[in-house]
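Dropping upload.cif in here (mmCIF, C-alpha atoms):
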data_data
#
loop_
_atom_site.label_atom_id
_atom_site.label_comp_id
_atom_site.auth_asym_id
_atom_site.auth_seq_id
_atom_site.Cartn_x
_atom_site.Cartn_y
_atom_site.Cartn_z
CA MET A 1 101.72 122.31 120.57
CA ILE A 2 101.12 120.64 117.19
CA LEU A 3 103.80 118.47 115.61
CA TYR A 4 103.63 118.10 111.83
CA ILE A 5 105.43 115.19 110.18
CA PHE A 6 106.34 115.18 106.50
CA ASN A 7 106.78 111.55 105.48
CA PRO A 8 106.46 111.32 101.68
CA GLU A 9 107.95 107.82 101.97
CA HIS A 10 104.49 106.84 103.26
CA ASP A 11 103.39 104.95 100.12
CA LEU A 12 106.56 102.83 100.19
CA CYS A 13 106.00 102.11 103.88
CA LEU A 14 102.41 101.01 103.25
CA ALA A 15 103.51 98.71 100.45
CA ASN A 16 106.19 97.14 102.64
CA GLY A 17 104.09 96.93 105.81
CA ASP A 18 107.01 96.42 108.20
CA PRO A 19 107.12 99.04 111.01
CA ASN A 20 110.95 98.80 110.93
CA TYR A 21 111.22 99.20 107.15
CA VAL A 22 114.03 101.52 105.99
CA PRO A 23 112.98 103.51 102.87
CA PRO A 24 115.48 104.44 100.13
CA ALA A 25 117.87 107.27 100.96
CA SER A 26 116.40 109.40 98.15
CA ALA A 27 112.94 109.27 99.75
CA LEU A 28 114.32 110.22 103.16
CA GLN A 29 116.32 113.08 101.67
CA PHE A 30 113.17 114.42 99.96
CA ALA A 31 111.40 114.28 103.34
CA VAL A 32 114.04 116.48 104.96
CA GLN A 33 114.27 118.89 102.03
CA GLY A 34 110.54 119.18 101.50
CA LYS A 35 109.18 119.27 105.05
CA GLY A 36 108.35 122.96 104.64
CA LEU A 37 105.52 121.91 102.32
CA MET A 38 103.52 121.26 105.48
CA ARG A 39 103.77 125.01 106.18
CA ILE A 40 101.86 125.70 102.97
CA LEU A 41 99.06 123.49 104.27
CA TYR A 42 99.03 124.53 107.93
CA GLY A 43 100.84 127.81 108.40
CA ASP A 44 103.47 128.73 110.96
CA GLU A 45 102.24 127.18 114.20
CA GLY A 46 103.98 124.21 115.81
CA TYR A 47 106.98 122.30 114.55
CA VAL A 48 107.55 120.50 111.27
CA VAL A 49 109.91 117.53 111.04
CA ALA A 50 110.66 114.64 108.71
CA ALA A 51 109.86 111.27 110.28
CA ASP A 52 113.54 110.39 110.57
CA GLU A 53 114.15 113.62 112.53
CA LEU A 54 111.78 112.65 115.35
CA GLN A 55 114.48 111.28 117.63
CA GLN A 56 116.61 114.39 117.29
CA TRP A 57 113.58 116.65 117.73
CA LYS A 58 112.61 114.85 120.94
CA HIS A 59 116.18 115.18 122.22
CA ASP A 60 116.18 118.92 121.46
CA HIS A 61 112.69 119.51 122.94
CA PRO A 62 112.39 117.12 125.89
CA ASN A 63 109.75 119.20 127.70
CA GLU A 64 107.48 120.05 124.79
CA GLN A 65 103.92 118.83 125.33
CA VAL A 66 102.53 117.57 122.03
CA SER A 67 98.78 118.11 121.84
CA MET A 68 98.33 116.81 118.30
CA VAL A 69 100.33 115.04 115.59
CA ILE A 70 99.47 115.59 111.93
CA ALA A 71 101.37 113.34 109.53
CA TRP A 72 101.50 113.57 105.75
CA GLY A 73 100.25 109.98 105.83
CA TRP A 74 99.70 107.37 108.55
CA ASP A 75 101.47 104.01 108.39
CA ARG A 76 103.04 101.56 110.81
CA ARG A 77 106.53 102.99 110.39
CA VAL A 78 105.72 106.59 111.39
CA TRP A 79 103.34 105.37 114.11
CA ASN A 80 106.10 103.13 115.52
CA MET A 81 108.66 105.95 115.42
CA LEU A 82 106.37 108.21 117.46
CA LEU A 83 105.87 105.54 120.09
CA LYS A 84 109.60 104.76 120.24
CA ASN A 85 110.27 108.41 120.97
CA ASN A 86 107.53 108.55 123.62
CA ILE A 87 105.48 111.12 121.71
CA HIS A 88 101.87 110.75 122.82
CA PRO A 89 99.45 113.56 121.88
CA THR A 90 97.31 114.74 124.77
CA LEU A 91 94.29 115.94 122.76
CA HIS A 92 94.32 113.89 119.58
CA PRO A 93 95.32 110.24 119.84
CA LEU A 94 97.46 108.44 117.31
CA PRO A 95 95.52 106.14 114.97
CA TYR A 96 94.41 102.85 116.48
CA ASP A 97 96.01 99.68 115.17
CA GLU A 98 92.72 98.89 113.43
CA ASP A 99 92.80 102.27 111.66
CA LEU A 100 96.27 101.49 110.28
CA LYS A 101 95.00 98.17 108.95
CA LEU A 102 92.07 99.91 107.27
CA ILE A 103 94.30 102.57 105.72
CA ARG A 104 96.41 99.85 104.14
CA PHE A 105 93.32 97.88 103.08
CA PHE A 106 91.65 100.82 101.35
CA GLN A 107 94.92 102.12 99.88
CA HIS A 108 95.08 98.79 98.05
CA ARG A 109 93.98 99.63 94.50
CA GLY A 110 91.58 96.69 94.54
CA SER A 111 89.33 98.59 96.96
CA LEU A 112 88.28 101.00 94.18
CA ILE A 113 87.33 98.42 91.55
CA SER A 114 83.60 99.14 91.99
CA LEU A 115 84.31 102.70 90.74
CA GLN A 116 86.52 101.55 87.85
CA PRO A 117 84.69 99.77 85.01
CA HIS A 118 87.93 99.96 83.01
CA ALA A 119 89.87 97.95 85.61
CA HIS A 120 90.01 94.37 86.88
CA GLU A 121 91.78 92.63 89.73
CA ALA A 122 93.79 89.57 88.64
CA ARG A 123 95.44 86.94 90.81
CA SER A 124 97.44 84.97 88.27
CA VAL A 125 99.48 85.27 85.08
CA GLU A 126 96.89 83.13 83.30
CA ALA A 127 94.06 85.52 84.21
CA ILE A 128 95.95 88.47 82.75
CA GLU A 129 96.86 86.56 79.59
CA SER A 130 93.17 85.78 79.16
CA MET A 131 92.31 89.49 79.40
CA LEU A 132 94.97 90.29 76.78
CA ARG A 133 93.07 88.24 74.21
CA THR A 134 90.32 90.87 74.14
CA GLU A 135 92.08 94.00 75.45
CA HIS A 136 95.48 94.30 73.79
CA ARG A 137 96.84 97.50 75.42
CA MET A 138 96.85 97.45 79.19
CA VAL A 139 98.53 98.89 82.26
CA LEU A 140 99.47 96.53 85.09
CA LYS A 141 99.60 98.09 88.55
CA ALA A 142 100.88 96.80 91.86
CA PRO A 143 97.97 97.34 94.28
CA LEU A 144 100.20 99.10 96.81
CA SER A 145 102.68 101.50 95.25
CA GLY A 146 103.09 105.20 94.67
CA SER A 147 104.74 107.98 92.66
CA GLY A 148 104.62 106.02 89.42
CA ARG A 149 106.25 102.94 90.91
CA GLY A 150 104.78 99.52 90.37
CA LEU A 151 103.46 100.14 86.83
CA ARG A 152 104.02 98.04 83.72
CA TRP A 153 102.78 98.85 80.22
CA VAL A 154 101.77 95.85 78.14
CA ASP A 155 100.98 95.55 74.43
CA ASN A 156 99.50 92.31 73.07
CA ALA A 157 101.55 89.82 75.11
CA LEU A 158 103.40 89.42 78.39
CA SER A 159 107.17 89.18 78.40
CA GLU A 160 108.98 86.81 80.70
CA HIS A 161 109.88 89.79 82.89
CA ASP A 162 106.18 90.70 83.04
CA ARG A 163 105.30 87.17 84.17
CA GLN A 164 107.95 87.20 86.89
CA TRP A 165 106.81 90.63 88.07
CA ILE A 166 103.16 89.52 88.22
CA GLN A 167 104.02 86.41 90.22
CA LYS A 168 106.07 88.44 92.67
CA VAL A 169 103.40 91.12 93.17
CA VAL A 170 100.62 88.56 93.61
CA ALA A 171 102.73 86.70 96.18
CA GLN A 172 103.40 89.90 98.13
CA GLN A 173 100.15 91.88 97.70
CA GLY A 174 97.53 89.34 96.68
CA SER A 175 96.71 90.58 93.18
CA VAL A 176 97.58 92.82 90.25
CA ILE A 177 95.29 95.57 88.97
CA VAL A 178 94.78 95.40 85.21
CA GLU A 179 93.52 98.56 83.48
CA ARG A 180 92.56 99.23 79.91
CA ARG A 181 94.94 101.81 78.43
CA ILE A 182 93.20 105.18 78.27
CA ASP A 183 94.00 108.01 75.87
CA VAL A 184 94.22 110.59 78.65
CA ALA A 185 93.44 114.20 77.80
CA LEU A 186 93.45 115.57 81.38
CA ASN A 187 94.60 114.42 84.81
CA PHE A 188 92.86 116.07 87.72
CA ALA A 189 92.01 115.25 91.33
CA TYR A 190 89.27 115.78 93.87
CA GLU A 191 90.70 116.81 97.24
CA TYR A 192 88.60 115.92 100.29
CA TYR A 193 88.62 116.23 104.05
CA VAL A 194 86.70 113.59 105.99
CA THR A 195 85.27 113.96 109.49
CA GLU A 196 82.73 112.00 111.48
CA ASP A 197 80.07 114.50 110.35
CA LYS A 198 80.78 114.90 106.65
CA VAL A 199 82.88 114.30 103.57
CA GLU A 200 83.86 117.72 102.26
CA LEU A 201 85.22 118.44 98.79
CA THR A 202 87.82 121.07 99.65
CA GLY A 203 89.13 121.71 96.15
CA LEU A 204 90.33 120.45 92.80
CA SER A 205 93.81 120.13 91.38
CA LEU A 206 95.13 119.76 87.85
CA PHE A 207 98.34 117.81 87.27
CA GLU A 208 100.45 116.21 84.58
CA ASN A 209 102.05 112.77 84.48
CA GLN A 210 104.70 111.20 82.31
CA SER A 211 104.31 107.42 81.93
CA GLY A 212 102.30 107.39 85.14
CA VAL A 213 104.86 109.41 87.11
CA TYR A 214 103.76 112.72 88.67
CA ARG A 215 105.59 115.69 87.17
CA HIS A 216 103.85 118.86 88.32
CA ASN A 217 100.59 120.62 89.07
CA VAL A 218 99.12 123.39 86.96
CA LEU A 219 98.05 126.25 89.22
CA LEU A 220 94.47 127.13 88.35
CA PRO A 221 91.48 128.01 90.57
CA ASP A 222 88.71 125.45 90.96
CA TYR A 223 86.28 127.15 88.57
CA GLU A 224 88.85 127.15 85.76
CA ILE A 225 89.65 123.48 86.36
CA ARG A 226 85.92 122.70 86.22
CA ASN A 227 85.63 124.60 82.94
CA LEU A 228 88.48 122.54 81.48
CA VAL A 229 87.20 119.23 82.81
CA GLY A 230 83.53 119.68 81.92
CA PRO A 231 80.41 118.36 83.70
CA THR A 232 81.28 115.79 86.38
CA HIS A 233 78.16 115.73 88.56
CA SER A 234 77.39 112.05 88.02
CA ILE A 235 80.88 110.71 88.83
CA GLU A 236 81.25 113.12 91.77
CA GLU A 237 78.04 111.82 93.30
CA ARG A 238 79.16 108.20 92.89
CA ILE A 239 82.52 108.94 94.52
CA MET A 240 80.92 110.88 97.38
CA GLU A 241 78.53 108.01 98.12
CA TRP A 242 81.39 105.49 98.03
CA LEU A 243 83.40 107.62 100.46
CA ARG A 244 80.47 107.97 102.86
CA ILE A 245 79.91 104.22 102.94
CA ASN A 246 83.51 102.98 102.98
CA ILE A 247 85.69 105.74 104.48
CA GLN A 248 83.69 108.17 106.62
CA THR A 249 82.69 105.41 109.07
CA TRP A 250 86.24 105.12 110.43
CA TYR A 251 88.64 107.69 108.91
CA GLU A 252 89.30 111.33 109.77
CA GLY A 253 91.67 113.37 107.66
CA PRO A 254 92.58 114.36 104.09
CA LEU A 255 92.37 112.20 101.00
CA GLY A 256 92.65 112.69 97.27
CA ILE A 257 91.06 110.86 94.34
CA ASP A 258 92.98 111.04 91.07
CA MET A 259 90.85 111.23 87.93
CA MET A 260 91.36 110.94 84.19
CA ARG A 261 89.33 112.36 81.31
CA ASP A 262 89.82 110.86 77.88
CA ARG A 263 89.59 112.67 74.55
CA ASP A 264 85.94 111.65 74.18
CA GLY A 265 84.96 113.29 77.47
CA ASN A 266 84.67 110.08 79.51
CA PHE A 267 85.79 110.10 83.14
CA PHE A 268 87.79 107.41 84.91
CA VAL A 269 88.74 107.02 88.58
CA GLY A 270 92.51 106.55 88.80
CA GLU A 271 93.43 105.97 92.44
CA MET A 272 92.78 107.10 95.99
CA ASN A 273 95.40 108.46 98.39
CA LEU A 274 94.40 108.30 102.06
CA ARG A 275 96.81 111.07 103.00
CA HIS A 276 97.76 114.61 102.07
CA THR A 277 98.59 115.10 98.40
CA MET A 278 100.70 117.42 96.28
CA GLY A 279 97.43 118.57 94.72
CA MET A 280 96.34 119.87 98.14
CA VAL A 281 99.66 121.67 98.51
CA ALA A 282 99.29 123.23 95.05
CA HIS A 283 95.69 124.27 95.85
CA HIS A 284 96.77 126.05 99.06
CA PHE A 285 99.85 127.53 97.38
CA LEU A 286 97.71 129.21 94.71
CA GLN A 287 95.42 130.66 97.38
CA GLN A 288 98.47 132.17 99.07
CA HIS A 289 100.11 133.27 95.79
CA PRO A 290 97.33 134.17 93.31
CA GLU A 291 99.92 135.87 91.10
CA ARG A 292 101.18 132.35 90.20
CA ARG A 293 97.91 131.46 88.46
CA GLY A 294 98.60 129.56 85.25
CA SER A 295 102.13 128.52 86.20
CA LEU A 296 103.50 125.07 86.97
CA PHE A 297 104.00 123.97 90.55
CA THR A 298 106.72 121.45 91.35
CA PRO A 299 107.49 120.91 95.06
CA THR A 300 111.23 120.72 94.46
CA ASP A 301 111.13 124.26 93.03
CA LEU A 302 110.64 125.50 96.59
CA PHE A 303 113.79 123.89 97.95
CA THR A 304 115.96 126.75 96.68
CA LYS A 305 114.04 129.05 99.04
CA PRO A 306 113.59 126.96 102.20
CA ILE A 307 110.47 127.62 104.25
CA ASP A 308 111.12 128.17 107.96
CA THR A 309 109.98 125.07 109.91
CA THR A 310 110.18 126.48 113.46
CA TYR A 311 108.14 129.08 115.30
#
Would you mind writing the file's structure down as structure tokens?
Amino acid sequence: MILYIFNPEHDLCLANGDPNYVPPASALQFAVQGKGLMRILYGDEGYVVAADELQQWKHDHPNEQVSMVIAWGWDRRVWNMLLKNNIHPTLHPLPYDEDLKLIRFFQHRGSLISLQPHAHEARSVEAIESMLRTEHRMVLKAPLSGSGRGLRWVDNALSEHDRQWIQKVVAQQGSVIVERRIDVALNFAYEYYVTEDKVELTGLSLFENQSGVYRHNVLLPDYEIRNLVGPTHSIEERIMEWLRINIQTWYEGPLGIDMMRDRDGNFFVGEMNLRHTMGMVAHHFLQQHPERRGSLFTPTDLFTKPIDTTY
């Protein structure tokens, strides 16, 4: 039997790093409400639970033999909760401790700097102020954050609040990512699945942000997204090679790379998510509901019609 875990609080857990971290109530509520999104990805087999429902699920199904666990994203908190509830897959082991360290290491935005000529990694307020002398409009990003959190928009000079924020992030996460502000025309993503044998591009997704915060996907097939985006062969090859060297050697599972295209047709790597993504969900949803082509996809829209999460 396969157990699917929807833990959208994953990014917060990675940033915190403590296996006993308690995410905000809003994140945990979204996990319970939205767990049916895993059904869009994997169909009707097995059970789907939020991470915080594991104890109750184990109590209700004491004799179920779990052959595999598929989580939205792997981090120390969900890994620890599985072990606490004595859930040990028989066919597919949980990630090793070293895998969890590598997931956190590569989720750190600094790991992608070699693919981001528009970005720099800074370790002090002074370094960022020096960059501001030549690049006056910038975005500051906490290396470990998600869903639009951990972003600050800076024009010309740092405020005192900016300085305090930078010092705090550097103390906790080692650095701050500094990006030149881009006049974004399109946000899209490459969705991959990685195995020991290959890195496979499984699809594309088109999405819209507001001040760096995800709002929704636009449901279009891959060929239409490619037509909108334009030629991307060069950047795709660079990303594929980077993934083969840095990720394929140890990771198995889904990942997404967010991209930006500016109004001059230049492409920029935004961030990598070593987990499932809403773009993957939107991609699968369109395959299952082709009549929705051209519409907007927001996960919360599905909560009014809950998806069955049992057999």
Query raised in the report: If you count all atoms listed in the file, which residues fall within 9 Å of Ala71 in chain A, apart from same-chain ones fewer than 6 positions away, as JSON, numbers by chain?
Result: {"A": [3, 4, 5, 6, 7, 51, 78, 275, 276]}
Mind writing the picked residues with C-alpha atoms as a PDB file, keeping the file's coordinate frame?
ATOM      1  CA  LEU A   3     103.800 118.470 115.610  1.00  0.00           C
ATOM      2  CA  TYR A   4     103.630 118.100 111.830  1.00  0.00           C
ATOM      3  CA  ILE A   5     105.430 115.190 110.180  1.00  0.00           C
ATOM      4  CA  PHE A   6     106.340 115.180 106.500  1.00  0.00           C
ATOM      5  CA  ASN A   7     106.780 111.550 105.480  1.00  0.00           C
ATOM      6  CA  ALA A  51     109.860 111.270 110.280  1.00  0.00           C
ATOM      7  CA  VAL A  78     105.720 106.590 111.390  1.00  0.00           C
ATOM      8  CA  ARG A 275      96.810 111.070 103.000  1.00  0.00           C
ATOM      9  CA  HIS A 276      97.760 114.610 102.070  1.00  0.00           C
TER      10      HIS A 276
END
Range 107-142 of chain A residues near range 203-224 of chain A within 12 Å, closest pair each, using all atoms listed in the file, as JSON lines:
{"residue": "A:Val139", "atom": "CA", "partner": "A:Gly212", "partner_atom": "CA", "distance": 9.7}
{"residue": "A:Leu140", "atom": "CA", "partner": "A:Gly212", "partner_atom": "CA", "distance": 11.2}
{"residue": "A:Lys141", "atom": "CA", "partner": "A:Gly212", "partner_atom": "CA", "distance": 10.3}
Query raised in the report: the PyMOL selection byres ((chain A and resi 119) around 12) on the file shown: which residues, as a ChimeraX atom specification?
Result: /A:109-118,120-122,128,131,135,138-141,143,176-182,268-271
Using C-alpha atoms, can you write the selected residues to a file as a PDB file, in the coordinates of the input?
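After the write, selection05.pdb holds the following:
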ATOM      1  CA  ARG A 109      93.980  99.630  94.500  1.00  0.00           C
ATOM      2  CA  GLY A 110      91.580  96.690  94.540  1.00  0.00           C
ATOM      3  CA  SER A 111      89.330  98.590  96.960  1.00  0.00           C
ATOM      4  CA  LEU A 112      88.280 101.000  94.180  1.00  0.00           C
ATOM      5  CA  ILE A 113      87.330  98.420  91.550  1.00  0.00           C
ATOM      6  CA  SER A 114      83.600  99.140  91.990  1.00  0.00           C
ATOM      7  CA  LEU A 115      84.310 102.700  90.740  1.00  0.00           C
ATOM      8  CA  GLN A 116      86.520 101.550  87.850  1.00  0.00           C
ATOM      9  CA  PRO A 117      84.690  99.770  85.010  1.00  0.00           C
ATOM     10  CA  HIS A 118      87.930  99.960  83.010  1.00  0.00           C
ATOM     11  CA  HIS A 120      90.010  94.370  86.880  1.00  0.00           C
ATOM     12  CA  GLU A 121      91.780  92.630  89.730  1.00  0.00           C
ATOM     13  CA  ALA A 122      93.790  89.570  88.640  1.00  0.00           C
ATOM     14  CA  ILE A 128      95.950  88.470  82.750  1.00  0.00           C
ATOM     15  CA  MET A 131      92.310  89.490  79.400  1.00  0.00           C
ATOM     16  CA  GLU A 135      92.080  94.000  75.450  1.00  0.00           C
ATOM     17  CA  MET A 138      96.850  97.450  79.190  1.00  0.00           C
ATOM     18  CA  VAL A 139      98.530  98.890  82.260  1.00  0.00           C
ATOM     19  CA  LEU A 140      99.470  96.530  85.090  1.00  0.00           C
ATOM     20  CA  LYS A 141      99.600  98.090  88.550  1.00  0.00           C
ATOM     21  CA  PRO A 143      97.970  97.340  94.280  1.00  0.00           C
ATOM     22  CA  VAL A 176      97.580  92.820  90.250  1.00  0.00           C
ATOM     23  CA  ILE A 177      95.290  95.570  88.970  1.00  0.00           C
ATOM     24  CA  VAL A 178      94.780  95.400  85.210  1.00  0.00           C
ATOM     25  CA  GLU A 179      93.520  98.560  83.480  1.00  0.00           C
ATOM     26  CA  ARG A 180      92.560  99.230  79.910  1.00  0.00           C
ATOM     27  CA  ARG A 181      94.940 101.810  78.430  1.00  0.00           C
ATOM     28  CA  ILE A 182      93.200 105.180  78.270  1.00  0.00           C
ATOM     29  CA  PHE A 268      87.790 107.410  84.910  1.00  0.00           C
ATOM     30  CA  VAL A 269      88.740 107.020  88.580  1.00  0.00           C
ATOM     31  CA  GLY A 270      92.510 106.550  88.800  1.00  0.00           C
ATOM     32  CA  GLU A 271      93.430 105.970  92.440  1.00  0.00           C
TER      33      GLU A 271
END
Query raised in the report: When the PyMOL selection byres ((chain A and resi 280) around 12) is applied to the file above, which residues end up in the set, as an NGL selection string?
Result: :A and (37-38 or 40-42 or 72 or 188-193 or 201-207 or 217 or 219 or 222 or 254-258 or 273 or 275-279 or 281-287 or 297 or 299)
Report task. Give the answer as one residue: which of A:Ile2, A:Ser130, A:Gln164, A:Trp250 has the shortest atom-to-atom distance to His88 in chain A, using all atoms listed in the file? Result ->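 Ranked by minimum distance to His88 in chain A, first place goes to A:Ile2.
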Requested in this report: For the structure shown, which residues end up in the PyMOL selection byres ((chain A and resi 53) around 12)? Put them as a VMD selection string, please?
Outcome: chain A and resid 3 to 7 28 to 29 31 to 33 35 47 to 52 54 to 60 78 81 to 82 85
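Closest approach to His136 in chain A among A:Leu151, A:Ile245, A:Ile87, A:Ala157: A:Ala157, based on all atoms listed in the file.
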Requested in this report: Would you mind reading off the distance between CA of Phe106 in chain A and CA of Leu186 in chain A, one decimal, in Å?
Outcome: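 Here the two named atoms are 24.9 Å from each other.
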